[in-house]
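These notes concern the structure reproduced below.
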Amino acid sequence: MAESTQAAGNADAFNPAETIDHMISRIGEQLPSHMNAGTVFGAPVTQGDRTVIPVARVSVGFGFGAGAGQGMDAASGGFGGGGGGGGGAQGDPVGYIEVTPSSTRFVPTVDVTRIVMSATRMWAMIVPRVLFRAMRRRRRRM
């Protein structure tokens with residue numbers, strides 16, 4: 001009876017739900033100050049009567065897990081728990097807003113890397129199909 005009480009006492013020492021809540025709270029407090037358009041581009045710039053405001057697409061993802069439990073041999077009173085998490089963020093420039101006394105306009109930036117990668121993917125899908133069809137036609141003629 002004493003062993004199961006000891007294991008139950010250890011279970012109260014580690015609460016996975018509280019651990020995850022704590023991690024999410026910390027990220028919620030710190031993330032807004034780190035991920036914004038200024039992180040990707042810098043602060044808005046004013047020169048004369050013209051202001052340029054950077055615009056960025058910021059993506060954030062993260063995951064957490066925690067658990068606790070008793071070992072396979074309940075008689076030994078073994079207990080363990082742990083948790084962990086990970087995440088990442090990415091910022092991509094999409095353009096800037098130019099504000100003047102006479103107008104306001106959005107000017108998109110051209111992401112050459114994205115264009116080249118899209119063209120490469122399309123090429124990688126098209127070339128094998130064309131070659132396969134050409135080989136199949138050639139076999140039929142033989």
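Identifiers for the structure tokens are assigned positionally: chains receive A, B, ... in sequence, residues are indexed from 1 per chain, and ligands are indexed from 1 in the order shown.
The environment of Leu31 of chain A within 12 Å, counting only C-alpha atoms and disregarding residues fewer than 2 places along the same chain, consists of Met23, Ile24, Ser25, Arg26, Ile27, Gly28, Glu29, Ser33, His34, Met35, Asn36, Thr39, Val58, Ser59, Val60, Gly61, Phe62, Gly87, Gly88 and Ala89 of chain A.
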Secondary structure check, strand (DSSP E or B) residues of segment 14-130 of chain A, as number ranges by chain = A: 45-47, 50-70, 79-99, 104-108
query = Using only C-alpha atoms, which residues sit within 8 Å of segment 105-107 of chain A once same-chain residues fewer than 6 positions away are excluded, as number ranges by chain?
reply = A: 95-99
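In terms of minimum interatomic distance to Gly67 of chain A, A:Gly81 ranks closest within A:Arg114, A:Ser102, A:Gly81, A:Pro54, counting only C-alpha atoms.
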query = What lies within 7 Å of Arg57 of chain A using only C-alpha atoms, ignoring chain neighbours under 4 positions off, as a VMD selection string?
reply = chain A and resid 91 to 94
Expected file contents, prior selection, N, CA and C atoms, as a short mmCIF file (atom, residue, chain, number, x, y, z; two decimals), in the first residue's frame:
```cif
data_model
loop_
_atom_site.label_atom_id
_atom_site.label_comp_id
_atom_site.auth_asym_id
_atom_site.auth_seq_id
_atom_site.Cartn_x
_atom_site.Cartn_y
_atom_site.Cartn_z
N GLY A 91 9.56 34.29 -42.21
CA GLY A 91 9.04 35.56 -42.68
C GLY A 91 9.42 35.76 -44.13
N ASP A 92 8.46 36.17 -44.94
CA ASP A 92 8.70 36.40 -46.36
C ASP A 92 8.23 37.81 -46.74
N PRO A 93 9.06 38.56 -47.44
CA PRO A 93 8.62 39.89 -47.88
C PRO A 93 7.56 39.76 -48.97
N VAL A 94 6.51 40.57 -48.88
CA VAL A 94 5.49 40.55 -49.92
C VAL A 94 5.37 41.90 -50.62
#
```
task = For atom CA of Gly65 of chain A and atom CA of Glu18 of chain A, quote the distance in Å rounded to one decimal.
result = 11.4 Å
query = Hey, can you check how far atom CA of Val110 of chain A sits from atom CA of Arg50 of chain A?
reply = 21.9 Å
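Separating atom CA of Ala119 of chain A from atom CA of Val55 of chain A is a distance of 25.1 Å.
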request  = May I have the residues within 9 Å of Gly84 of chain A as a ChimeraX atom specification, using only C-alpha atoms and disregarding those fewer than 3 positions away in the same chain?
outcome  = /A:20,63-66
inquiry  = Taking only segment 12-134 of chain A into account, list the residues labelled helix (DSSP H, G or I) by DSSP (computed from the backbone), as a ChimeraX atom specification.
reply    = /A:12-13,16-34,37-40,74-76,112-134
